[in-house]
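Shown below: entry.tsv, with TSV, C-alpha atoms.
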```tsv
chain	number	residue	atom	x	y	z
A	817	MET	CA	0.00	0.00	0.00
A	818	PHE	CA	0.99	3.61	-0.69
A	819	ASP	CA	3.73	2.60	-3.10
A	820	LEU	CA	4.85	5.61	-5.15
A	821	THR	CA	7.43	3.83	-7.32
A	822	GLY	CA	7.57	5.42	-10.75
A	823	LYS	CA	5.71	8.55	-9.63
A	824	THR	CA	7.22	12.03	-9.86
A	825	ALA	CA	6.69	14.76	-7.29
A	826	LEU	CA	7.51	18.45	-6.89
A	827	VAL	CA	7.61	19.80	-3.34
A	828	THR	CA	7.86	23.55	-2.78
A	829	GLY	CA	9.33	24.86	0.44
A	830	ALA	CA	11.31	21.64	0.72
A	831	THR	CA	13.83	23.09	3.14
A	832	GLY	CA	11.17	23.95	5.69
A	833	GLY	CA	10.32	21.46	8.43
A	834	ILE	CA	7.10	20.21	6.91
A	835	GLY	CA	8.29	20.37	3.30
A	836	GLU	CA	11.41	18.39	4.03
A	837	ALA	CA	9.42	15.73	5.88
A	838	ILE	CA	7.00	15.45	2.94
A	839	ALA	CA	9.82	15.22	0.40
A	840	ARG	CA	11.55	12.53	2.46
A	841	ALA	CA	8.35	10.53	2.88
A	842	LEU	CA	7.40	10.62	-0.82
A	843	HIS	CA	10.96	9.65	-1.73
A	844	ALA	CA	11.01	6.82	0.81
A	845	ARG	CA	7.86	5.41	-0.82
A	846	GLY	CA	9.67	5.27	-4.15
A	847	ALA	CA	8.78	8.59	-5.80
A	848	THR	CA	11.25	10.67	-7.76
A	849	VAL	CA	11.24	14.13	-6.19
A	850	THR	CA	12.17	17.63	-7.22
A	851	LEU	CA	12.98	19.78	-4.22
A	852	SER	CA	12.25	23.46	-4.48
A	853	GLY	CA	12.97	26.30	-2.11
A	854	THR	CA	14.98	29.47	-1.82
A	855	ARG	CA	18.01	28.10	0.03
A	856	GLU	CA	20.02	26.34	-2.65
A	857	GLU	CA	22.68	24.89	-0.37
A	858	ARG	CA	20.14	23.25	1.88
A	859	LEU	CA	18.28	21.87	-1.12
A	860	ALA	CA	21.47	20.38	-2.49
A	861	ALA	CA	22.32	18.87	0.91
A	862	LEU	CA	18.87	17.31	1.17
A	863	ALA	CA	19.08	15.99	-2.40
A	864	SER	CA	22.47	14.39	-1.78
A	865	ASP	CA	21.19	12.91	1.47
A	866	LEU	CA	18.26	11.34	-0.42
A	867	GLY	CA	20.59	10.05	-3.15
A	868	GLU	CA	19.04	8.77	-6.36
A	869	ARG	CA	15.71	10.08	-7.62
A	870	ALA	CA	16.22	13.55	-6.12
A	871	HIS	CA	16.48	16.77	-8.11
A	872	VAL	CA	16.85	20.39	-7.09
A	873	ALA	CA	15.05	23.38	-8.59
A	874	ALA	CA	15.62	26.51	-6.54
A	875	ALA	CA	12.90	29.13	-6.87
A	876	ASN	CA	11.73	32.18	-5.01
A	877	LEU	CA	7.96	32.02	-5.19
A	878	SER	CA	7.59	35.75	-4.69
A	879	SER	CA	9.10	36.07	-8.18
A	880	ARG	CA	6.60	35.27	-10.93
A	881	GLU	CA	9.45	34.52	-13.27
A	882	ASP	CA	10.77	31.87	-10.88
A	883	VAL	CA	7.26	30.45	-10.49
A	884	ASP	CA	6.85	30.20	-14.27
A	885	GLY	CA	10.08	28.27	-14.62
A	886	LEU	CA	9.53	25.79	-11.84
A	887	VAL	CA	7.06	23.26	-13.25
A	888	PRO	CA	8.80	23.05	-16.64
A	889	ALA	CA	12.12	22.52	-14.82
A	890	ALA	CA	10.64	19.75	-12.67
A	891	GLU	CA	8.99	18.09	-15.67
A	892	ALA	CA	12.24	18.24	-17.63
A	893	ALA	CA	14.24	16.78	-14.75
A	894	MET	CA	11.82	13.94	-13.99
A	895	GLY	CA	10.12	13.33	-17.34
A	896	GLY	CA	6.71	14.33	-15.99
A	897	LEU	CA	4.94	15.53	-12.89
A	898	ASP	CA	2.36	13.38	-11.10
A	899	ILE	CA	2.29	14.92	-7.65
A	900	LEU	CA	2.47	18.64	-6.85
A	901	VAL	CA	2.82	19.64	-3.22
A	902	ASN	CA	2.20	23.34	-2.74
A	903	ASN	CA	3.84	23.63	0.64
A	904	ALA	CA	5.88	26.84	0.55
A	905	GLY	CA	4.53	29.54	2.78
A	906	ILE	CA	5.59	32.70	4.55
A	907	THR	CA	4.18	34.75	7.41
A	908	ARG	CA	4.12	38.52	7.86
A	909	ASP	CA	2.13	38.78	11.06
A	910	ASN	CA	0.62	42.00	12.29
A	911	ILE	CA	-2.60	43.03	13.92
A	912	PHE	CA	-5.24	43.90	11.39
A	913	MET	CA	-5.32	47.64	12.05
A	914	ARG	CA	-1.57	47.88	11.53
A	915	MET	CA	-1.26	45.53	8.59
A	916	LYS	CA	0.55	47.05	5.63
A	917	ASP	CA	-0.42	46.47	2.01
A	918	GLU	CA	2.98	44.90	1.44
A	919	GLU	CA	2.48	42.41	4.26
A	920	TRP	CA	-0.85	41.43	2.79
A	921	ASP	CA	0.47	41.28	-0.78
A	922	GLN	CA	3.60	39.27	-0.01
A	923	VAL	CA	1.73	36.59	1.90
A	924	LEU	CA	-1.03	36.29	-0.71
A	925	GLU	CA	1.54	36.18	-3.51
A	926	VAL	CA	3.62	33.34	-2.09
A	927	ASN	CA	0.98	31.34	-0.23
A	928	LEU	CA	-1.88	31.55	-2.70
A	929	THR	CA	-1.00	33.07	-6.07
A	930	ALA	CA	2.14	30.99	-6.51
A	931	ALA	CA	0.14	27.87	-5.67
A	932	PHE	CA	-2.46	28.84	-8.26
A	933	ARG	CA	0.13	29.46	-10.96
A	934	LEU	CA	2.15	26.31	-10.23
A	935	THR	CA	-1.01	24.23	-10.25
A	936	ARG	CA	-2.13	25.75	-13.54
A	937	ALA	CA	1.23	24.87	-15.06
A	938	ALA	CA	1.16	21.32	-13.70
A	939	ILE	CA	-2.41	20.41	-14.55
A	940	LYS	CA	-1.91	20.33	-18.29
A	941	GLY	CA	0.43	17.36	-18.17
A	942	MET	CA	-1.73	15.68	-15.55
A	943	MET	CA	-4.77	15.97	-17.83
A	944	LYS	CA	-2.84	14.41	-20.67
A	945	ARG	CA	-1.58	11.58	-18.51
A	946	ARG	CA	-4.96	11.15	-16.83
A	947	TYR	CA	-3.30	11.09	-13.43
A	948	GLY	CA	-2.53	13.77	-10.93
A	949	ARG	CA	-2.34	14.59	-7.27
A	950	ILE	CA	-2.40	18.21	-6.15
A	951	ILE	CA	-1.79	18.67	-2.44
A	952	GLY	CA	-1.91	22.08	-0.79
A	953	ILE	CA	-0.54	22.60	2.66
A	954	THR	CA	-3.01	24.96	4.25
A	955	SER	CA	-3.33	25.61	7.98
A	956	ILE	CA	-5.73	25.25	10.83
A	957	VAL	CA	-5.86	29.06	10.98
A	958	GLY	CA	-7.35	29.13	7.49
A	959	VAL	CA	-10.40	27.48	9.02
A	960	THR	CA	-10.46	28.87	12.58
A	961	GLY	CA	-8.84	32.29	12.08
A	962	ASN	CA	-6.02	33.65	14.20
A	963	PRO	CA	-5.42	37.14	15.57
A	964	GLY	CA	-2.42	38.78	13.92
A	965	GLN	CA	-2.69	36.63	10.82
A	966	VAL	CA	-5.46	38.03	8.64
A	967	ASN	CA	-3.20	37.78	5.61
A	968	TYR	CA	-1.97	34.27	6.33
A	969	ALA	CA	-5.42	32.98	7.27
A	970	ALA	CA	-6.95	34.54	4.15
A	971	ALA	CA	-4.33	32.92	1.93
A	972	LYS	CA	-4.76	29.54	3.62
A	973	ALA	CA	-8.55	29.70	3.41
A	974	GLY	CA	-8.12	30.72	-0.23
A	975	LEU	CA	-6.06	27.62	-0.88
A	976	ILE	CA	-8.89	25.47	0.45
A	977	GLY	CA	-11.49	27.20	-1.75
A	978	MET	CA	-9.27	26.99	-4.79
A	979	SER	CA	-8.63	23.29	-4.20
A	980	LYS	CA	-12.30	22.45	-3.80
A	981	SER	CA	-13.25	24.26	-7.01
A	982	LEU	CA	-10.44	22.70	-9.01
A	983	ALA	CA	-11.23	19.29	-7.54
A	984	ARG	CA	-14.70	19.56	-9.06
A	985	GLU	CA	-13.31	20.55	-12.45
A	986	VAL	CA	-10.80	17.75	-12.86
A	987	ALA	CA	-12.14	14.82	-10.84
A	988	SER	CA	-13.28	13.05	-14.02
A	989	ARG	CA	-9.68	13.03	-15.24
A	990	ASN	CA	-8.37	11.04	-12.30
A	991	ILE	CA	-6.79	14.11	-10.76
A	992	THR	CA	-7.42	14.73	-7.08
A	993	VAL	CA	-6.97	18.07	-5.35
A	994	ASN	CA	-6.81	18.16	-1.58
A	995	THR	CA	-5.36	20.14	1.27
A	996	ILE	CA	-3.75	19.22	4.56
A	997	ALA	CA	-4.30	21.58	7.49
A	998	PRO	CA	-1.58	21.21	10.09
A	999	GLY	CA	-2.16	22.49	13.59
A	1000	PHE	CA	0.91	23.41	15.62
A	1001	ILE	CA	3.89	21.48	14.27
A	1002	GLU	CA	7.51	21.59	15.48
A	1003	THR	CA	9.13	23.79	12.82
A	1004	ALA	CA	11.15	26.97	12.59
A	1005	MET	CA	7.82	28.79	12.31
A	1006	THR	CA	6.64	27.53	15.71
A	1007	ASP	CA	10.13	27.71	17.28
A	1008	ALA	CA	9.67	31.46	17.10
A	1009	LEU	CA	6.97	31.26	19.78
A	1010	ASN	CA	7.97	32.25	23.29
A	1011	GLU	CA	7.49	29.95	26.30
A	1012	LYS	CA	4.29	31.65	27.41
A	1013	GLN	CA	2.73	31.38	23.95
A	1014	ARG	CA	3.83	27.77	23.77
A	1015	THR	CA	2.26	26.88	27.12
A	1016	SER	CA	-1.01	28.54	26.28
A	1017	ILE	CA	-1.14	26.78	22.91
A	1018	LEU	CA	-0.46	23.39	24.48
A	1019	GLU	CA	-3.46	23.90	26.75
A	1020	THR	CA	-5.68	24.01	23.67
A	1021	ILE	CA	-4.34	20.79	22.14
A	1022	PRO	CA	-6.04	17.64	23.46
A	1023	ALA	CA	-3.02	15.54	22.44
A	1024	GLY	CA	-0.93	17.72	24.77
A	1025	ARG	CA	1.99	18.18	22.40
A	1026	LEU	CA	2.98	19.78	19.12
A	1027	GLY	CA	2.88	17.62	16.01
A	1028	SER	CA	5.84	16.54	13.90
A	1029	GLY	CA	6.54	17.09	10.22
A	1030	ASP	CA	6.38	13.32	9.74
A	1031	GLU	CA	2.78	13.33	10.89
A	1032	ILE	CA	1.92	15.80	8.12
A	1033	ALA	CA	3.99	13.82	5.63
A	1034	ALA	CA	1.97	10.68	6.38
A	1035	ALA	CA	-1.19	12.47	5.27
A	1036	ALA	CA	0.60	13.68	2.13
A	1037	VAL	CA	1.68	10.14	1.25
A	1038	TYR	CA	-1.91	8.97	1.57
A	1039	LEU	CA	-3.26	11.75	-0.65
A	1040	ALA	CA	-0.47	11.20	-3.19
A	1041	SER	CA	-1.07	7.47	-3.46
A	1042	THR	CA	-3.19	5.58	-5.97
A	1043	GLU	CA	-5.14	4.30	-2.95
A	1044	GLY	CA	-6.23	7.87	-2.26
A	1045	ALA	CA	-7.97	8.16	-5.64
A	1046	TYR	CA	-11.48	8.57	-4.20
A	1047	VAL	CA	-10.54	11.42	-1.87
A	1048	THR	CA	-10.82	14.82	-3.52
A	1049	GLY	CA	-11.76	18.34	-2.52
A	1050	GLN	CA	-11.04	17.47	1.10
A	1051	THR	CA	-9.04	19.02	3.87
A	1052	ILE	CA	-7.30	16.58	6.19
A	1053	HIS	CA	-6.82	18.17	9.61
A	1054	VAL	CA	-3.71	16.99	11.43
A	1055	ASN	CA	-3.77	18.93	14.68
A	1056	GLY	CA	-3.84	16.70	17.75
A	1057	GLY	CA	-7.51	17.46	18.20
A	1058	MET	CA	-6.96	21.21	18.52
A	1059	ALA	CA	-9.90	21.84	16.22
A	1060	MET	CA	-12.42	19.17	15.32
A	1061	ILE	CA	-14.07	20.08	12.06
B	1199	MET	CA	-11.13	16.69	-47.48
B	1200	SER	CA	-7.74	18.12	-46.65
B	1201	ASP	CA	-5.20	16.14	-44.71
B	1202	ILE	CA	-5.53	18.59	-41.82
B	1203	ALA	CA	-9.30	18.21	-41.71
B	1204	GLU	CA	-8.94	14.47	-41.65
B	1205	ARG	CA	-6.49	14.52	-38.76
B	1206	VAL	CA	-8.66	16.99	-36.82
B	1207	LYS	CA	-11.73	14.80	-37.26
B	1208	LYS	CA	-9.85	11.72	-36.17
B	1209	ILE	CA	-8.81	13.44	-32.93
B	1210	VAL	CA	-12.36	14.65	-32.29
B	1211	ILE	CA	-13.84	11.20	-32.91
B	1212	GLU	CA	-11.32	9.53	-30.64
B	1213	HIS	CA	-11.47	12.06	-27.86
B	1214	LEU	CA	-15.21	12.54	-27.68
B	1215	GLY	CA	-16.16	9.02	-28.69
B	1216	VAL	CA	-18.71	10.23	-31.26
B	1217	ASP	CA	-19.77	8.77	-34.61
B	1218	ALA	CA	-17.75	9.95	-37.60
B	1219	GLU	CA	-20.81	11.20	-39.49
B	1220	LYS	CA	-21.62	13.64	-36.69
B	1221	VAL	CA	-18.22	15.30	-37.01
B	1222	THR	CA	-19.08	17.80	-39.74
B	1223	ASP	CA	-17.43	21.18	-40.29
B	1224	ASN	CA	-20.30	22.99	-38.64
B	1225	ALA	CA	-20.53	20.67	-35.64
B	1226	SER	CA	-20.00	22.55	-32.38
B	1227	PHE	CA	-17.94	20.59	-29.88
B	1228	ILE	CA	-20.18	21.57	-26.99
B	1229	ASP	CA	-23.62	21.94	-28.59
B	1230	ASP	CA	-23.49	19.07	-31.08
B	1231	LEU	CA	-20.82	16.65	-29.93
B	1232	GLY	CA	-21.47	16.57	-26.19
B	1233	ALA	CA	-18.16	18.05	-25.11
B	1234	ASP	CA	-17.85	19.95	-21.87
B	1235	SER	CA	-15.50	22.90	-21.39
B	1236	LEU	CA	-12.74	20.64	-20.14
B	1237	ASP	CA	-13.07	18.46	-23.26
B	1238	ASN	CA	-12.59	21.63	-25.30
B	1239	VAL	CA	-9.35	22.37	-23.51
B	1240	GLU	CA	-8.18	18.81	-24.06
B	1241	LEU	CA	-9.04	18.93	-27.75
B	1242	VAL	CA	-6.93	22.05	-28.11
B	1243	MET	CA	-4.07	20.30	-26.32
B	1244	ALA	CA	-4.44	17.32	-28.65
B	1245	PHE	CA	-4.38	19.61	-31.71
B	1246	GLU	CA	-1.25	21.29	-30.37
B	1247	GLU	CA	0.44	17.95	-30.02
B	1248	GLU	CA	-0.68	16.55	-33.36
B	1249	PHE	CA	0.26	19.62	-35.37
B	1250	GLY	CA	3.23	20.84	-33.32
B	1251	VAL	CA	1.75	24.30	-32.80
B	1252	GLU	CA	1.08	26.50	-29.82
B	1253	ILE	CA	-2.55	27.63	-29.66
B	1254	PRO	CA	-2.77	30.69	-27.42
B	1255	ASP	CA	-5.70	30.97	-25.02
B	1256	ASP	CA	-7.43	33.78	-26.91
B	1257	ALA	CA	-7.29	31.77	-30.14
B	1258	ALA	CA	-8.39	28.60	-28.35
B	1259	GLU	CA	-11.52	30.38	-27.17
B	1260	THR	CA	-12.56	31.04	-30.77
B	1261	ILE	CA	-12.31	27.38	-31.72
B	1262	GLN	CA	-15.86	26.22	-31.11
B	1263	THR	CA	-16.55	23.99	-34.11
B	1264	VAL	CA	-14.70	21.36	-36.11
B	1265	GLY	CA	-14.43	23.87	-38.97
B	1266	ASP	CA	-12.96	26.52	-36.64
B	1267	ALA	CA	-10.22	24.09	-35.65
B	1268	VAL	CA	-9.47	23.10	-39.25
B	1269	SER	CA	-9.23	26.67	-40.49
B	1270	PHE	CA	-7.05	27.75	-37.55
B	1271	LEU	CA	-4.68	24.86	-38.14
B	1272	GLU	CA	-4.61	25.36	-41.91
B	1273	LYS	CA	-3.47	28.92	-41.29
B	1274	ASN	CA	-1.07	28.22	-38.44
B	1275	SER	CA	0.51	24.81	-38.79
B	1276	ALA	CA	3.71	24.35	-40.68
```
Would you mind writing the file's structure down as C-alpha cells?
Amino acid sequence: MFDLTGKTALVTGATGGIGEAIARALHARGATVTLSGTREERLAALASDLGERAHVAAANLSSREDVDGLVPAAEAAMGGLDILVNNAGITRDNIFMRMKDEEWDQVLEVNLTAAFRLTRAAIKGMMKRRYGRIIGITSIVGVTGNPGQVNYAAAKAGLIGMSKSLAREVASRNITVNTIAPGFIETAMTDALNEKQRTSILETIPAGRLGSGDEIAAAAVYLASTEGAYVTGQTIHVNGGMAMI
Amino acid sequence: MSDIAERVKKIVIEHLGVDAEKVTDNASFIDDLGADSLDNVELVMAFEEEFGVEIPDDAAETIQTVGDAVSFLEKNSA
C-alpha cells in the first residue's frame, strides 16, 4: 500500500520542516522528487542525502518569473509531474489595524497566487496523462482564524477554496486536489513562539503536544497514493484534536 | 477533405467518442458533440500535439466547431 514507485513529485518549500518531511516521505515510498525552495545549499544537501531520484530546482515564489520556470524545470528533470505539493509559505504577522499592504500582498503572492500558478502549469500534463495529485498545505488558521494573521489565514482559506473548485473541475480526469491543514507542528515557524505562547497553545491541544513534520507527511503520502484516488476536494486536519471540524 | 481536416476529425472522434458522421465542419464541440469545457481544452491540447503548434488561449476560445479548428490549423501549422 501507498507505493509511489515510478511517480514524480515536486515539493515547494522543501527546506522547511514540513516540506522536508513530505519530500523525504514521498521519496522513501519510491517517488522521484524535485525539491524546491529558496536556500540552494540546503536543497542540495537534502538531495544528496536522499541520493538517487532527487532533483533540485531553486525558486523564489515571490518572483513570478521563478514560479513560471519551476514546473517546466521539474517536468524536464523527472520526465513528468504526477504529484504537486504546494507547501511553501511565509508569514508577515501584524494586527489587522496595523497591517501594511505589502504584508498582505507578499503573503497572498507566495501562499496563494504561486500555488495557483504552479497548479495551472502542472495540470496540463496531468490531464494528458490522466493522473494527478495536487496537495496544498493549508493551515488550521485558514479554518479557525487567528489574531495577527489576517493575511496568512486569508491565503490559507483561499487555498482550500481553490482546491475544492479545481477538484470539481478535474475529478473526471483522475486528478485529485486536496489540502492538509496542520495544527501546531515543530518547525522553525513555531520555534519562534515564546514559552508563554507555547504553554497557552499546548493547553488548547487535546493531544498535549505539538505535532511533527512526519505526521503531516503521512497524510501527504496517503493523498499522493493511488489508494487515495477517491478522496478529492477534502481538507485533512492533522492537529492533535486542537480543532475538530 | 484536406489532410488537416482528416487529422482533426480523427482526434475529435477519438477524444469525444462520437460517430464519424456527426463530425461535420459545422458541428460545435459543446452543442453538437457533447463536449464539456474541459473536453474543449483537451481537444486544443491534442491539436497542439498533433500539429506541433502552440494555440494561445485567446485563439483557443474562438475554436468552437470542427471547422474553426481546421481553419485555424490550416493557417497556423507548418
Next on the checklist: Within 9 Å of chain A, which residues belong to chain B? Use all atoms listed in the file and report them as a list in words.
Outcome noted: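 Per the criterion, chain B yields Leu1236, Glu1240, Met1243 and Ala1244 of chain B.
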Preceding selection exported with C-alpha atoms as a PDB file, keeping the file's coordinate frame:
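The resulting file, result.pdb, is shown below:
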```
ATOM      1  CA  LEU B1236     -12.740  20.640 -20.140  1.00  0.00           C
ATOM      2  CA  GLU B1240      -8.180  18.810 -24.060  1.00  0.00           C
ATOM      3  CA  MET B1243      -4.070  20.300 -26.320  1.00  0.00           C
ATOM      4  CA  ALA B1244      -4.440  17.320 -28.650  1.00  0.00           C
TER       5      ALA B1244
END
```
Next on the checklist: Can you tell me which residues surround Ile951 in chain A at a distance of at most 12 Å, considering all atoms listed in the file, apart from same-chain residues fewer than 2 positions away, and format the answer as number ranges by chain?
Outcome noted: A: 825-828, 835, 838, 898-904, 931-932, 934-935, 938, 948-949, 953-954, 975-976, 978-980, 982-983, 991-997, 1032-1033, 1035-1041, 1044, 1047-1052
Next on the checklist: What does the structure give for the distance between CA of Ser1028 in chain A and CA of Arg845 in chain A, in Å to one decimal?
Outcome noted: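 Between CA of Ser1028 in chain A and CA of Arg845 in chain A the gap works out to 18.6 Å.
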Polymer residues at most 10 Å from range 1254-1264 of chain B, only C-alpha atoms, same-chain spacing of 2 or more positions, as a PDB file with C-alpha atoms, in the coordinates of the input:
```
ATOM      1  CA  ALA B1203      -9.300  18.210 -41.710  1.00  0.00           C
ATOM      2  CA  VAL B1206      -8.660  16.990 -36.820  1.00  0.00           C
ATOM      3  CA  LYS B1207     -11.730  14.800 -37.260  1.00  0.00           C
ATOM      4  CA  VAL B1210     -12.360  14.650 -32.290  1.00  0.00           C
ATOM      5  CA  VAL B1221     -18.220  15.300 -37.010  1.00  0.00           C
ATOM      6  CA  THR B1222     -19.080  17.800 -39.740  1.00  0.00           C
ATOM      7  CA  ASP B1223     -17.430  21.180 -40.290  1.00  0.00           C
ATOM      8  CA  ASN B1224     -20.300  22.990 -38.640  1.00  0.00           C
ATOM      9  CA  ALA B1225     -20.530  20.670 -35.640  1.00  0.00           C
ATOM     10  CA  SER B1226     -20.000  22.550 -32.380  1.00  0.00           C
ATOM     11  CA  PHE B1227     -17.940  20.590 -29.880  1.00  0.00           C
ATOM     12  CA  ILE B1228     -20.180  21.570 -26.990  1.00  0.00           C
ATOM     13  CA  ASP B1229     -23.620  21.940 -28.590  1.00  0.00           C
ATOM     14  CA  ASP B1230     -23.490  19.070 -31.080  1.00  0.00           C
ATOM     15  CA  LEU B1231     -20.820  16.650 -29.930  1.00  0.00           C
ATOM     16  CA  ASN B1238     -12.590  21.630 -25.300  1.00  0.00           C
ATOM     17  CA  VAL B1239      -9.350  22.370 -23.510  1.00  0.00           C
ATOM     18  CA  LEU B1241      -9.040  18.930 -27.750  1.00  0.00           C
ATOM     19  CA  VAL B1242      -6.930  22.050 -28.110  1.00  0.00           C
ATOM     20  CA  MET B1243      -4.070  20.300 -26.320  1.00  0.00           C
ATOM     21  CA  GLU B1246      -1.250  21.290 -30.370  1.00  0.00           C
ATOM     22  CA  VAL B1251       1.750  24.300 -32.800  1.00  0.00           C
ATOM     23  CA  GLU B1252       1.080  26.500 -29.820  1.00  0.00           C
ATOM     24  CA  ASP B1266     -12.960  26.520 -36.640  1.00  0.00           C
ATOM     25  CA  ALA B1267     -10.220  24.090 -35.650  1.00  0.00           C
ATOM     26  CA  VAL B1268      -9.470  23.100 -39.250  1.00  0.00           C
ATOM     27  CA  SER B1269      -9.230  26.670 -40.490  1.00  0.00           C
ATOM     28  CA  PHE B1270      -7.050  27.750 -37.550  1.00  0.00           C
TER      29      PHE B1270
END
```
Item to check | CA of Lys972 in chain A to CA of Leu924 in chain A, straight-line distance in Å | outcome: 8.8 Å
Next on the checklist: Please report the interatomic distance between CA of Thr1006 in chain A and CA of Val957 in chain A in Å with one decimal.
Outcome noted: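 Value for the CA of Thr1006 in chain A-CA of Val957 in chain A distance: 13.5 Å.
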Next on the checklist: Give me the residues near range 1021-1027 of chain A as number ranges by chain, where near means some atom within 7 Å (using all atoms listed in the file) and where sequence neighbours in that chain fewer than 3 positions away do not count.
Outcome noted: A: 1000-1002, 1017-1018, 1031, 1055-1058
Item to check | Nearest candidate to Arg840 in chain A (options A:Ala1008, A:Val923, A:Met817, A:Leu866; using only C-alpha atoms) | outcome: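 Among the listed residues, A:Leu866 lies closest to Arg840 in chain A.
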